[in-house]
>>> print(open('target_24.pdb').read())   # PDB, C-alpha atoms and all ligand atoms
ATOM      1  CA  MET A   1       4.606  66.816  52.329
ATOM      2  CA  ARG A   2       1.314  66.920  54.151
ATOM      3  CA  ILE A   3       1.380  65.455  57.658
ATOM      4  CA  GLU A   4      -1.480  65.222  60.119
ATOM      5  CA  ARG A   5      -1.265  63.681  63.541
ATOM      6  CA  ARG A   6      -3.969  61.877  65.510
ATOM      7  CA  GLY A   7      -3.947  60.542  69.074
ATOM      8  CA  GLU A   8      -1.946  61.841  72.024
ATOM      9  CA  GLY A   9       1.808  62.458  71.896
ATOM     10  CA  ASP A  10       4.594  61.991  69.379
ATOM     11  CA  PRO A  11       3.664  59.574  66.577
ATOM     12  CA  GLU A  12       4.680  55.953  67.123
ATOM     13  CA  VAL A  13       2.879  54.617  64.062
ATOM     14  CA  ALA A  14       2.626  56.125  60.569
ATOM     15  CA  VAL A  15       0.640  55.550  57.396
ATOM     16  CA  VAL A  16       2.286  57.012  54.299
ATOM     17  CA  GLY A  17       0.737  57.463  50.864
ATOM     18  CA  GLY A  18       1.795  59.419  47.805
ATOM     19  CA  ILE A  19       5.464  58.447  47.771
ATOM     20  CA  HIS A  20       4.845  58.088  44.047
ATOM     21  CA  GLY A  21       2.568  60.804  42.679
ATOM     22  CA  ASP A  22       0.923  58.525  40.115
ATOM     23  CA  GLU A  23      -0.255  55.986  42.728
ATOM     24  CA  PRO A  24      -3.467  57.454  44.172
ATOM     25  CA  CYS A  25      -4.439  54.476  46.391
ATOM     26  CA  GLY A  26      -2.328  55.535  49.376
ATOM     27  CA  VAL A  27      -3.533  59.124  49.195
ATOM     28  CA  HIS A  28      -7.107  57.812  49.186
ATOM     29  CA  ALA A  29      -6.438  55.627  52.255
ATOM     30  CA  VAL A  30      -4.823  58.489  54.199
ATOM     31  CA  GLU A  31      -7.686  60.867  53.388
ATOM     32  CA  HIS A  32     -10.264  58.196  54.259
ATOM     33  CA  LEU A  33      -8.684  57.562  57.664
ATOM     34  CA  LEU A  34      -8.290  61.268  58.412
ATOM     35  CA  ALA A  35     -12.013  61.671  57.788
ATOM     36  CA  THR A  36     -13.002  59.026  60.367
ATOM     37  CA  GLU A  37     -14.271  60.042  63.769
ATOM     38  CA  GLU A  38     -12.528  57.114  65.441
ATOM     39  CA  GLU A  39     -10.288  57.555  68.460
ATOM     40  CA  PHE A  40      -6.695  56.456  68.003
ATOM     41  CA  ALA A  41      -5.303  54.632  71.043
ATOM     42  CA  ARG A  42      -1.714  55.337  69.934
ATOM     43  CA  PRO A  43      -0.321  58.493  68.289
ATOM     44  CA  VAL A  44      -0.394  58.155  64.513
ATOM     45  CA  ALA A  45       1.117  60.284  61.731
ATOM     46  CA  PHE A  46      -0.711  60.326  58.403
ATOM     47  CA  VAL A  47       1.552  61.459  55.588
ATOM     48  CA  ILE A  48       0.983  62.346  51.951
ATOM     49  CA  ALA A  49       4.605  62.281  50.954
ATOM     50  CA  ASN A  50       5.111  63.921  47.570
ATOM     51  CA  GLU A  51       2.191  66.343  47.354
ATOM     52  CA  ARG A  52       3.648  68.161  44.347
ATOM     53  CA  ALA A  53       3.965  64.923  42.373
ATOM     54  CA  VAL A  54       0.462  63.866  43.446
ATOM     55  CA  GLU A  55      -0.916  67.185  42.196
ATOM     56  CA  SER A  56       0.771  66.756  38.825
ATOM     57  CA  GLY A  57      -0.081  63.036  38.609
ATOM     58  CA  GLU A  58       3.578  62.184  37.953
ATOM     59  CA  ARG A  59       5.630  59.489  39.663
ATOM     60  CA  TYR A  60       8.096  62.224  40.703
ATOM     61  CA  LEU A  61       9.334  65.665  39.673
ATOM     62  CA  ASP A  62      13.158  65.421  39.812
ATOM     63  CA  ALA A  63      14.072  62.009  41.227
ATOM     64  CA  ASP A  64      12.261  58.871  42.349
ATOM     65  CA  LEU A  65      11.472  59.572  46.017
ATOM     66  CA  ASN A  66      11.722  55.883  46.863
ATOM     67  CA  ARG A  67      15.312  55.885  45.585
ATOM     68  CA  SER A  68      16.214  59.143  47.394
ATOM     69  CA  PHE A  69      16.395  58.152  51.079
ATOM     70  CA  PRO A  70      17.859  59.064  53.508
ATOM     71  CA  GLY A  71      17.803  62.337  51.555
ATOM     72  CA  ASP A  72      19.808  65.548  51.580
ATOM     73  CA  ARG A  73      18.533  69.015  52.514
ATOM     74  CA  SER A  74      21.046  70.763  50.240
ATOM     75  CA  ALA A  75      20.283  68.639  47.151
ATOM     76  CA  ALA A  76      18.949  70.232  43.981
ATOM     77  CA  ALA A  77      16.327  67.522  43.482
ATOM     78  CA  HIS A  78      13.005  68.201  45.227
ATOM     79  CA  GLU A  79      12.647  64.537  46.218
ATOM     80  CA  ARG A  80      16.058  64.337  47.879
ATOM     81  CA  ARG A  81      15.229  67.325  50.105
ATOM     82  CA  LEU A  82      11.770  65.891  50.754
ATOM     83  CA  ALA A  83      13.258  62.509  51.707
ATOM     84  CA  ALA A  84      15.255  64.166  54.487
ATOM     85  CA  ASP A  85      12.108  65.835  55.873
ATOM     86  CA  ILE A  86      10.121  62.593  55.720
ATOM     87  CA  ALA A  87      12.942  60.654  57.398
ATOM     88  CA  ASP A  88      12.822  63.143  60.298
ATOM     89  CA  GLU A  89       9.068  62.817  60.702
ATOM     90  CA  LEU A  90       9.129  59.012  60.673
ATOM     91  CA  ALA A  91      12.078  58.545  63.032
ATOM     92  CA  GLY A  92      11.345  55.679  65.414
ATOM     93  CA  CYS A  93       7.897  54.943  63.962
ATOM     94  CA  THR A  94       6.390  51.678  62.765
ATOM     95  CA  VAL A  95       5.481  52.659  59.217
ATOM     96  CA  LEU A  96       3.080  51.390  56.567
ATOM     97  CA  ALA A  97       3.889  52.835  53.117
ATOM     98  CA  LEU A  98       1.186  52.295  50.499
ATOM     99  CA  HIS A  99       2.067  51.791  46.841
ATOM    100  CA  SER A 100       0.488  50.319  43.720
ATOM    101  CA  THR A 101       1.955  48.580  40.677
ATOM    102  CA  GLN A 102       1.401  47.663  37.051
ATOM    103  CA  SER A 103       2.373  44.062  37.833
ATOM    104  CA  HIS A 104      -0.142  42.387  40.121
ATOM    105  CA  ALA A 105      -3.715  42.970  41.290
ATOM    106  CA  ASP A 106      -3.518  41.170  44.645
ATOM    107  CA  PRO A 107      -1.950  43.104  47.512
ATOM    108  CA  PHE A 108       1.487  42.013  48.741
ATOM    109  CA  ALA A 109       3.911  43.312  51.339
ATOM    110  CA  VAL A 110       7.538  44.282  50.721
ATOM    111  CA  VAL A 111      10.007  44.339  53.620
ATOM    112  CA  ASP A 112      13.718  44.834  54.167
ATOM    113  CA  GLY A 113      14.476  41.500  55.809
ATOM    114  CA  ILE A 114      11.987  39.225  57.587
ATOM    115  CA  ASP A 115      12.424  40.540  61.114
ATOM    116  CA  ASP A 116      10.228  40.252  64.228
ATOM    117  CA  VAL A 117       8.092  43.232  63.193
ATOM    118  CA  ALA A 118       7.461  41.714  59.751
ATOM    119  CA  ARG A 119       6.656  38.333  61.344
ATOM    120  CA  GLU A 120       4.178  39.907  63.725
ATOM    121  CA  LEU A 121       2.450  42.418  61.451
ATOM    122  CA  VAL A 122       2.441  41.037  57.901
ATOM    123  CA  PRO A 123       0.274  37.942  58.701
ATOM    124  CA  ARG A 124      -2.311  40.341  60.164
ATOM    125  CA  LEU A 125      -2.607  42.344  56.936
ATOM    126  CA  PRO A 126      -4.884  41.376  54.027
ATOM    127  CA  VAL A 127      -1.965  40.543  51.711
ATOM    128  CA  THR A 128      -1.349  37.423  49.617
ATOM    129  CA  ALA A 129       2.464  37.384  49.738
ATOM    130  CA  VAL A 130       5.460  39.008  51.398
ATOM    131  CA  VAL A 131       8.642  39.896  49.534
ATOM    132  CA  ASP A 132      11.988  40.367  51.233
ATOM    133  CA  SER A 133      13.570  42.991  48.998
ATOM    134  CA  ALA A 134      16.953  41.953  50.429
ATOM    135  CA  ASN A 135      19.659  43.430  48.207
ATOM    136  CA  PHE A 136      17.426  45.924  46.422
ATOM    137  CA  VAL A 137      16.724  48.542  49.076
ATOM    138  CA  GLU A 138      19.139  51.296  47.989
ATOM    139  CA  GLY A 139      17.503  54.684  48.530
ATOM    140  CA  ARG A 140      14.159  53.298  49.619
ATOM    141  CA  LEU A 141      12.078  54.364  52.598
ATOM    142  CA  PHE A 142      13.479  51.331  54.443
ATOM    143  CA  GLY A 143      16.708  53.299  54.838
ATOM    144  CA  ALA A 144      15.058  56.525  55.988
ATOM    145  CA  ASP A 145      15.796  56.038  59.662
ATOM    146  CA  ALA A 146      17.639  53.272  61.459
ATOM    147  CA  ASP A 147      14.973  53.072  64.175
ATOM    148  CA  ALA A 148      11.924  53.060  61.902
ATOM    149  CA  ASP A 149      10.326  49.732  60.988
ATOM    150  CA  VAL A 150       8.881  49.985  57.496
ATOM    151  CA  ILE A 151       6.417  47.716  55.722
ATOM    152  CA  GLU A 152       5.615  48.654  52.147
ATOM    153  CA  VAL A 153       2.456  47.270  50.600
ATOM    154  CA  GLU A 154       1.633  47.118  46.908
ATOM    155  CA  ALA A 155      -2.140  47.501  47.189
ATOM    156  CA  GLY A 156      -3.112  46.569  43.624
ATOM    157  CA  LEU A 157      -3.064  47.885  40.080
ATOM    158  CA  GLN A 158      -2.094  51.521  39.733
ATOM    159  CA  GLY A 159      -5.087  53.842  39.437
ATOM    160  CA  SER A 160      -7.709  51.117  40.027
ATOM    161  CA  ASP A 161     -10.656  51.430  42.393
ATOM    162  CA  ALA A 162      -9.713  48.021  43.796
ATOM    163  CA  ALA A 163      -6.271  49.291  44.800
ATOM    164  CA  ALA A 164      -7.853  52.271  46.585
ATOM    165  CA  GLU A 165     -10.279  49.996  48.471
ATOM    166  CA  ASN A 166      -7.491  47.546  49.293
ATOM    167  CA  ALA A 167      -5.332  50.392  50.603
ATOM    168  CA  VAL A 168      -8.049  51.407  53.072
ATOM    169  CA  ARG A 169      -8.469  47.807  54.292
ATOM    170  CA  ILE A 170      -4.713  47.327  54.606
ATOM    171  CA  ALA A 171      -4.222  50.606  56.478
ATOM    172  CA  ARG A 172      -7.057  49.782  58.885
ATOM    173  CA  ALA A 173      -5.634  46.300  59.505
ATOM    174  CA  PHE A 174      -2.184  47.815  60.096
ATOM    175  CA  LEU A 175      -3.562  50.347  62.586
ATOM    176  CA  THR A 176      -5.489  47.582  64.369
ATOM    177  CA  ALA A 177      -2.483  45.227  64.420
ATOM    178  CA  THR A 178      -0.306  47.982  65.910
ATOM    179  CA  GLY A 179      -2.935  48.820  68.566
ATOM    180  CA  ALA A 180      -3.717  52.279  67.197
ATOM    181  CA  LEU A 181      -7.306  51.290  66.386
ATOM    182  CA  PRO A 182      -9.396  48.980  68.614
ATOM    183  CA  GLY A 183     -10.329  45.465  67.583
ATOM    184  CA  ASP A 184      -8.712  42.200  66.600
ATOM    185  CA  THR A 185      -6.941  41.112  63.475
ATOM    186  CA  VAL A 186      -6.842  37.569  62.159
ATOM    187  CA  THR A 187      -3.428  36.006  61.562
ATOM    188  CA  HIS A 188      -3.129  34.039  58.334
ATOM    189  CA  GLU A 189      -0.332  32.247  56.513
ATOM    190  CA  VAL A 190       1.509  34.399  53.992
ATOM    191  CA  PRO A 191       3.915  32.873  51.436
ATOM    192  CA  ALA A 192       7.331  34.552  51.563
ATOM    193  CA  PHE A 193       9.762  35.310  48.733
ATOM    194  CA  ARG A 194      13.221  36.871  48.540
ATOM    195  CA  LEU A 195      14.373  38.904  45.539
ATOM    196  CA  THR A 196      17.535  37.504  43.992
ATOM    197  CA  ARG A 197      18.154  39.512  40.815
ATOM    198  CA  ARG A 198      16.746  41.984  38.333
ATOM    199  CA  LEU A 199      15.291  40.808  35.035
ATOM    200  CA  PRO A 200      16.836  43.313  32.632
ATOM    201  CA  LYS A 201      15.060  44.772  29.649
ATOM    202  CA  ALA A 202      16.864  45.667  26.423
ATOM    203  CA  PRO A 203      15.715  48.828  24.613
ATOM    204  CA  ALA A 204      12.764  47.918  22.373
ATOM    205  CA  GLU A 205       9.450  49.243  21.078
ATOM    206  CA  GLU A 206       7.232  46.482  22.374
ATOM    207  CA  TYR A 207       7.452  44.333  25.493
ATOM    208  CA  GLU A 208       5.441  41.282  26.506
ATOM    209  CA  VAL A 209       5.337  39.108  29.622
ATOM    210  CA  PHE A 210       4.034  35.536  29.535
ATOM    211  CA  VAL A 211       4.088  34.427  33.181
ATOM    212  CA  GLU A 212       2.219  35.286  36.366
ATOM    213  CA  ASN A 213       3.810  36.994  39.328
ATOM    214  CA  PHE A 214       4.466  34.634  42.286
ATOM    215  CA  GLN A 215       3.902  31.552  40.076
ATOM    216  CA  PRO A 216       6.942  29.339  39.405
ATOM    217  CA  VAL A 217       8.832  29.738  36.123
ATOM    218  CA  ALA A 218      10.804  26.643  35.039
ATOM    219  CA  ALA A 219      14.278  26.637  33.539
ATOM    220  CA  GLY A 220      13.879  26.884  29.773
ATOM    221  CA  GLN A 221      10.515  28.660  29.969
ATOM    222  CA  THR A 222       9.994  31.846  27.954
ATOM    223  CA  TYR A 223       8.921  34.498  30.447
ATOM    224  CA  ALA A 224       8.995  37.701  28.385
ATOM    225  CA  ALA A 225       9.852  39.168  24.998
ATOM    226  CA  ALA A 226      11.294  42.432  23.693
ATOM    227  CA  ASP A 227      10.253  43.239  20.111
ATOM    228  CA  GLY A 228       9.410  39.557  19.684
ATOM    229  CA  ASP A 229      12.784  38.283  20.947
ATOM    230  CA  ALA A 230      12.114  35.635  23.599
ATOM    231  CA  LEU A 231      13.672  35.854  27.055
ATOM    232  CA  VAL A 232      14.170  32.326  28.374
ATOM    233  CA  ALA A 233      14.762  31.454  32.041
ATOM    234  CA  GLU A 234      18.228  29.995  32.557
ATOM    235  CA  GLU A 235      17.144  28.639  35.914
ATOM    236  CA  ALA A 236      13.848  28.338  37.761
ATOM    237  CA  PHE A 237      12.547  31.415  39.595
ATOM    238  CA  TYR A 238       9.450  33.179  40.863
ATOM    239  CA  PRO A 239       8.665  36.450  39.082
ATOM    240  CA  VAL A 240       7.915  39.452  41.320
ATOM    241  CA  LEU A 241       6.892  42.949  40.204
ATOM    242  CA  LEU A 242       7.091  41.646  36.636
ATOM    243  CA  SER A 243       5.298  43.746  34.031
ATOM    244  CA  ALA A 244       5.758  44.783  30.419
ATOM    245  CA  TYR A 245       5.991  48.528  30.991
ATOM    246  CA  GLY A 246       6.148  49.111  34.771
ATOM    247  CA  TYR A 247       9.858  49.997  34.823
ATOM    248  CA  ALA A 248      12.092  51.578  32.188
ATOM    249  CA  ASP A 249      15.055  49.213  32.367
ATOM    250  CA  VAL A 250      13.841  45.983  33.988
ATOM    251  CA  PHE A 251      10.820  43.725  33.572
ATOM    252  CA  GLY A 252      10.900  43.119  37.294
ATOM    253  CA  TYR A 253      12.685  40.726  39.613
ATOM    254  CA  ALA A 254      13.434  37.057  40.043
ATOM    255  CA  ALA A 255      12.804  35.670  43.521
ATOM    256  CA  ASP A 256      13.187  32.486  45.551
ATOM    257  CA  ARG A 257      10.408  31.069  47.695
ATOM    258  CA  ILE A 258      11.609  31.170  51.323
ATOM    259  CA  GLY A 259       8.721  29.600  53.219
ATOM    260  CA  SER A 260       5.774  31.347  54.862
ATOM    261  CA  LEU A 261       4.976  33.764  57.680
ATOM    262  CA  PRO A 262       4.293  33.791  60.571
TER     263      PRO A 262
HETATM  264 ZN    ZN A 301       5.136  53.294  44.454
END
>>> encode(input="target_24.pdb", output="structure tokens")
Amino acid sequence: MRIERRGEGDPEVAVVGGIHGDEPCGVHAVEHLLATEEEFARPVAFVIANERAVESGERYLDADLNRSFPGDRSAAAHERRLAADIADELAGCTVLALHSTQSHADPFAVVDGIDDVARELVPRLPVTAVVDSANFVEGRLFGADADADVIEVEAGLQGSDAAAENAVRIARAFLTATGALPGDTVTHEVPAFRLTRRLPKAPAEEYEVFVENFQPVAAGQTYAAADGDALVAEEAFYPVLLSAYGYADVFGYAADRIGSLP
């Protein structure tokens, strides 16, 4: 882990990139902000989480870091030890964690429950949706520390220049919305979704998806295929984090629309 602090005192706000080593956008945003000459009105921690995975360009070395929280210092897996160190550093902070995906080009936020912090901050970020990850938070940064408020953002397509640029804009908006950087942020309406179930993926050579993330899928609609075998929706849902090859064992998630923020 690389951590650098700006502003006076113990960090109250944190920007985290590099939780997954093959998602360079967050690392870019952290390095960009560390290079600015701006004064931070609140103490901020900038973290590049899994430096070793970033260096090797791999998602992780031993275990997915975002399934390893709260971590364990005596674990064999590098990421489980690292998770414990990161959890310590972020204790009590309001945290932005930057990710990227293979599923969707437009940035969206992921939260663990729509709480007051999510209601206040998410509409001030340049994101097009917010996802309550509800029952799917096991091992994620959300569980790192009971007092930390965590907003994850998927900044765009993995490895793209657009995701890197989005990550900088999102991080700046987050730091402005939390009062760490001067200026105003504009509040806008953000459609909200809640994950309801995984969309499992049978072992196959070739996968296809036929629907757009965040766009409604009707009951009876074919949303994906595995080696040409159609997967048909039994009931209506909204696909989230859906992609052909983004995950090993699921296409992504089904979600319900739950209104809008703020
Ligand atoms: Zn990620």
>>> closest_atom_pairs(input="target_24.pdb", of="region 208-232 of chain A", to="region 104-110 of chain A", cutoff="12 Å", atoms="only C-alpha atoms", output="JSON lines")
{"residue": "A:Val211", "atom": "CA", "partner": "A:His104", "partner_atom": "CA", "distance": 11.4}
{"residue": "A:Glu212", "atom": "CA", "partner": "A:His104", "partner_atom": "CA", "distance": 8.4}
{"residue": "A:Asn213", "atom": "CA", "partner": "A:His104", "partner_atom": "CA", "distance": 6.7}
{"residue": "A:Phe214", "atom": "CA", "partner": "A:His104", "partner_atom": "CA", "distance": 9.3}
{"residue": "A:Gln215", "atom": "CA", "partner": "A:His104", "partner_atom": "CA", "distance": 11.6}
>>> residues_near_ligand(input="target_24.pdb", ligand="ligand ZN 301 (chain A)", cutoff="12 Å", atoms="all atoms listed in the file", output="number ranges by chain")
A: 16-27, 49-50, 53-54, 58-60, 64-67, 97-103, 110, 140-141, 152-159, 241, 246-247
>>> atom_distance(input="target_24.pdb", atom1="CA of Arg124 (chain A)", atom2="CA of Ala162 (chain A)")
19.5 Å
>>> resolve_selection(input="target_24.pdb", expression="the PyMOL selection byres (((chain A and resi 149) around 6) and not hetatm)", output="list in words")
Thr94, Val95, Ala148 and Val150 of chain A
>>> resolve_selection(input="target_24.pdb", expression="the PyMOL selection byres (((chain A and resi 232-235) around 10) and not hetatm)", output="JSON, numbers by chain")
{"A": [199, 217, 218, 219, 220, 221, 222, 223, 224, 225, 229, 230, 231, 236, 237, 254]}
>>> atom_distance(input="target_24.pdb", atom1="CA of Leu121 (chain A)", atom2="CA of Phe142 (chain A)")
15.8 Å
>>> resolve_selection(input="target_24.pdb", expression="the PyMOL selection byres (((chain A and resi 260) around 7) and not hetatm)", output="mmCIF file with C-alpha atoms, in the coordinates of the input")
data_model
loop_
_atom_site.group_PDB
_atom_site.id
_atom_site.type_symbol
_atom_site.label_atom_id
_atom_site.label_comp_id
_atom_site.auth_asym_id
_atom_site.auth_seq_id
_atom_site.Cartn_x
_atom_site.Cartn_y
_atom_site.Cartn_z
ATOM 1 C CA GLU A 189 -0.332 32.247 56.513
ATOM 2 C CA VAL A 190 1.509 34.399 53.992
ATOM 3 C CA PRO A 191 3.915 32.873 51.436
ATOM 4 C CA ALA A 192 7.331 34.552 51.563
ATOM 5 C CA ILE A 258 11.609 31.170 51.323
ATOM 6 C CA GLY A 259 8.721 29.600 53.219
ATOM 7 C CA LEU A 261 4.976 33.764 57.680
ATOM 8 C CA PRO A 262 4.293 33.791 60.571
#
>>> residues_near_point(input="target_24.pdb", point="(15.6, 59.9, 55.7)", cutoff="7 Å", atoms="all atoms listed in the file", output="PyMOL selection string")
chain A and resi 69-71+83-88+143-145
>>> residues_near_point(input="target_24.pdb", point="(15.8, 42.6, 47.7)", cutoff="12 Å", atoms="all atoms listed in the file", output="list in words")
Val110, Val111, Asp112, Gly113, Ile114, Val130, Val131, Asp132, Ser133, Ala134, Asn135, Phe136, Val137, Glu138, Arg140, Phe142, Phe193, Arg194, Leu195, Thr196, Arg197, Arg198, Val240, Leu241, Gly252, Tyr253, Ala254, Ala255 and Asp256 of chain A
>>> atom_distance(input="target_24.pdb", atom1="CA of His188 (chain A)", atom2="CA of Pro123 (chain A)")
5.2 Å
>>> residues_around(input="target_24.pdb", residues="region 5-8 of chain A", least_positions_apart="6", cutoff="10 Å", atoms="only C-alpha atoms", output="list of chain:residue names")
A:Ala14, A:Leu34, A:Glu38, A:Glu39, A:Phe40, A:Ala41, A:Arg42, A:Pro43, A:Val44, A:Ala45, A:Phe46, A:Val47, A:Ala180
>>> residues_around(input="target_24.pdb", residues="Glu205 (chain A)", least_positions_apart="6", cutoff="10 Å", atoms="all atoms listed in the file", output="VMD selection string")
chain A and resid 226 to 228
>>> axis_aligned_box(input="target_24.pdb", around="region 222-232 of chain A", padding_each_side="5 Å", output="lines of an AutoDock Vina configuration file")
center_x = 11.5
center_y = 37.5
center_z = 25.1
size_x = 15.2
size_y = 21.4
size_z = 20.8
>>> closest_residue(input="target_24.pdb", among="A:His78, A:His32, A:Pro11, A:Ala177", to="Glu120 (chain A)", atoms="all atoms listed in the file")
A:Ala177
>>> closest_residue(input="target_24.pdb", among="A:Gly179, A:Glu37, A:Ile170, A:Met1", to="Thr128 (chain A)", atoms="only C-alpha atoms")
A:Ile170
>>> decode(input="target_24.pdb", residues="region 54-62 of chain A", atoms="all heavy atoms", output="PDB file, in the first residue's frame")
ATOM      1  N   VAL A  54      -0.907  -3.758  -8.824  1.00  0.00           N
ATOM      2  CA  VAL A  54      -0.832  -2.703  -9.839  1.00  0.00           C
ATOM      3  C   VAL A  54       0.437  -2.877 -10.665  1.00  0.00           C
ATOM      4  O   VAL A  54       0.414  -2.796 -11.902  1.00  0.00           O
ATOM      5  CB  VAL A  54      -0.867  -1.303  -9.180  1.00  0.00           C
ATOM      6  CG1 VAL A  54      -0.524  -0.212 -10.186  1.00  0.00           C
ATOM      7  CG2 VAL A  54      -2.239  -1.037  -8.559  1.00  0.00           C
ATOM      8  N   GLU A  55       1.550  -3.145  -9.980  1.00  0.00           N
ATOM      9  CA  GLU A  55       2.825  -3.314 -10.694  1.00  0.00           C
ATOM     10  C   GLU A  55       2.770  -4.479 -11.668  1.00  0.00           C
ATOM     11  O   GLU A  55       3.339  -4.419 -12.757  1.00  0.00           O
ATOM     12  CB  GLU A  55       3.965  -3.523  -9.693  1.00  0.00           C
ATOM     13  CG  GLU A  55       4.504  -2.215  -9.141  1.00  0.00           C
ATOM     14  CD  GLU A  55       5.278  -2.413  -7.852  1.00  0.00           C
ATOM     15  OE1 GLU A  55       5.801  -3.528  -7.645  1.00  0.00           O
ATOM     16  OE2 GLU A  55       5.342  -1.453  -7.062  1.00  0.00           O
ATOM     17  N   SER A  56       2.080  -5.557 -11.267  1.00  0.00           N
ATOM     18  CA  SER A  56       2.040  -6.727 -12.151  1.00  0.00           C
ATOM     19  C   SER A  56       0.851  -6.676 -13.117  1.00  0.00           C
ATOM     20  O   SER A  56       0.734  -7.544 -13.982  1.00  0.00           O
ATOM     21  CB  SER A  56       2.026  -8.017 -11.331  1.00  0.00           C
ATOM     22  OG  SER A  56       0.891  -8.044 -10.510  1.00  0.00           O
ATOM     23  N   GLY A  57      -0.013  -5.648 -12.963  1.00  0.00           N
ATOM     24  CA  GLY A  57      -1.145  -5.516 -13.885  1.00  0.00           C
ATOM     25  C   GLY A  57      -2.203  -6.590 -13.701  1.00  0.00           C
ATOM     26  O   GLY A  57      -3.039  -6.804 -14.569  1.00  0.00           O
ATOM     27  N   GLU A  58      -2.191  -7.250 -12.539  1.00  0.00           N
ATOM     28  CA  GLU A  58      -3.159  -8.313 -12.252  1.00  0.00           C
ATOM     29  C   GLU A  58      -4.224  -7.777 -11.301  1.00  0.00           C
ATOM     30  O   GLU A  58      -3.967  -6.884 -10.499  1.00  0.00           O
ATOM     31  CB  GLU A  58      -2.466  -9.504 -11.566  1.00  0.00           C
ATOM     32  CG  GLU A  58      -1.325 -10.101 -12.346  1.00  0.00           C
ATOM     33  CD  GLU A  58      -1.797 -10.900 -13.551  1.00  0.00           C
ATOM     34  OE1 GLU A  58      -2.980 -11.309 -13.563  1.00  0.00           O
ATOM     35  OE2 GLU A  58      -0.997 -11.087 -14.476  1.00  0.00           O
ATOM     36  N   ARG A  59      -5.410  -8.368 -11.377  1.00  0.00           N
ATOM     37  CA  ARG A  59      -6.488  -7.975 -10.462  1.00  0.00           C
ATOM     38  C   ARG A  59      -6.033  -8.153  -9.012  1.00  0.00           C
ATOM     39  O   ARG A  59      -6.270  -7.289  -8.171  1.00  0.00           O
ATOM     40  CB  ARG A  59      -7.729  -8.817 -10.749  1.00  0.00           C
ATOM     41  CG  ARG A  59      -8.970  -8.420  -9.962  1.00  0.00           C
ATOM     42  CD  ARG A  59     -10.187  -9.201 -10.467  1.00  0.00           C
ATOM     43  NE  ARG A  59     -11.360  -9.007  -9.647  1.00  0.00           N
ATOM     44  CZ  ARG A  59     -12.247  -8.001  -9.806  1.00  0.00           C
ATOM     45  NH1 ARG A  59     -12.048  -7.086 -10.738  1.00  0.00           N
ATOM     46  NH2 ARG A  59     -13.307  -7.908  -9.039  1.00  0.00           N
ATOM     47  N   TYR A  60      -5.365  -9.270  -8.720  1.00  0.00           N
ATOM     48  CA  TYR A  60      -4.828  -9.521  -7.381  1.00  0.00           C
ATOM     49  C   TYR A  60      -3.742 -10.580  -7.483  1.00  0.00           C
ATOM     50  O   TYR A  60      -3.571 -11.203  -8.538  1.00  0.00           O
ATOM     51  CB  TYR A  60      -5.925  -9.970  -6.413  1.00  0.00           C
ATOM     52  CG  TYR A  60      -6.712 -11.180  -6.876  1.00  0.00           C
ATOM     53  CD1 TYR A  60      -6.214 -12.470  -6.713  1.00  0.00           C
ATOM     54  CD2 TYR A  60      -7.959 -11.033  -7.476  1.00  0.00           C
ATOM     55  CE1 TYR A  60      -6.932 -13.579  -7.140  1.00  0.00           C
ATOM     56  CE2 TYR A  60      -8.675 -12.130  -7.907  1.00  0.00           C
ATOM     57  CZ  TYR A  60      -8.165 -13.395  -7.739  1.00  0.00           C
ATOM     58  OH  TYR A  60      -8.869 -14.486  -8.166  1.00  0.00           O
ATOM     59  N   LEU A  61      -3.012 -10.780  -6.387  1.00  0.00           N
ATOM     60  CA  LEU A  61      -1.965 -11.806  -6.371  1.00  0.00           C
ATOM     61  C   LEU A  61      -2.491 -13.121  -5.799  1.00  0.00           C
ATOM     62  O   LEU A  61      -2.378 -14.161  -6.425  1.00  0.00           O
ATOM     63  CB  LEU A  61      -0.767 -11.331  -5.540  1.00  0.00           C
ATOM     64  CG  LEU A  61      -0.128 -10.009  -5.988  1.00  0.00           C
ATOM     65  CD1 LEU A  61       1.041  -9.665  -5.076  1.00  0.00           C
ATOM     66  CD2 LEU A  61       0.342 -10.082  -7.437  1.00  0.00           C
ATOM     67  N   ASP A  62      -3.075 -13.056  -4.585  1.00  0.00           N
ATOM     68  CA  ASP A  62      -3.512 -14.291  -3.896  1.00  0.00           C
ATOM     69  C   ASP A  62      -5.026 -14.371  -3.744  1.00  0.00           C
ATOM     70  O   ASP A  62      -5.594 -15.454  -3.776  1.00  0.00           O
ATOM     71  CB  ASP A  62      -2.890 -14.358  -2.489  1.00  0.00           C
ATOM     72  CG  ASP A  62      -1.377 -14.345  -2.524  1.00  0.00           C
ATOM     73  OD1 ASP A  62      -0.801 -14.914  -3.477  1.00  0.00           O
ATOM     74  OD2 ASP A  62      -0.767 -13.763  -1.604  1.00  0.00           O
TER      75      ASP A  62
END
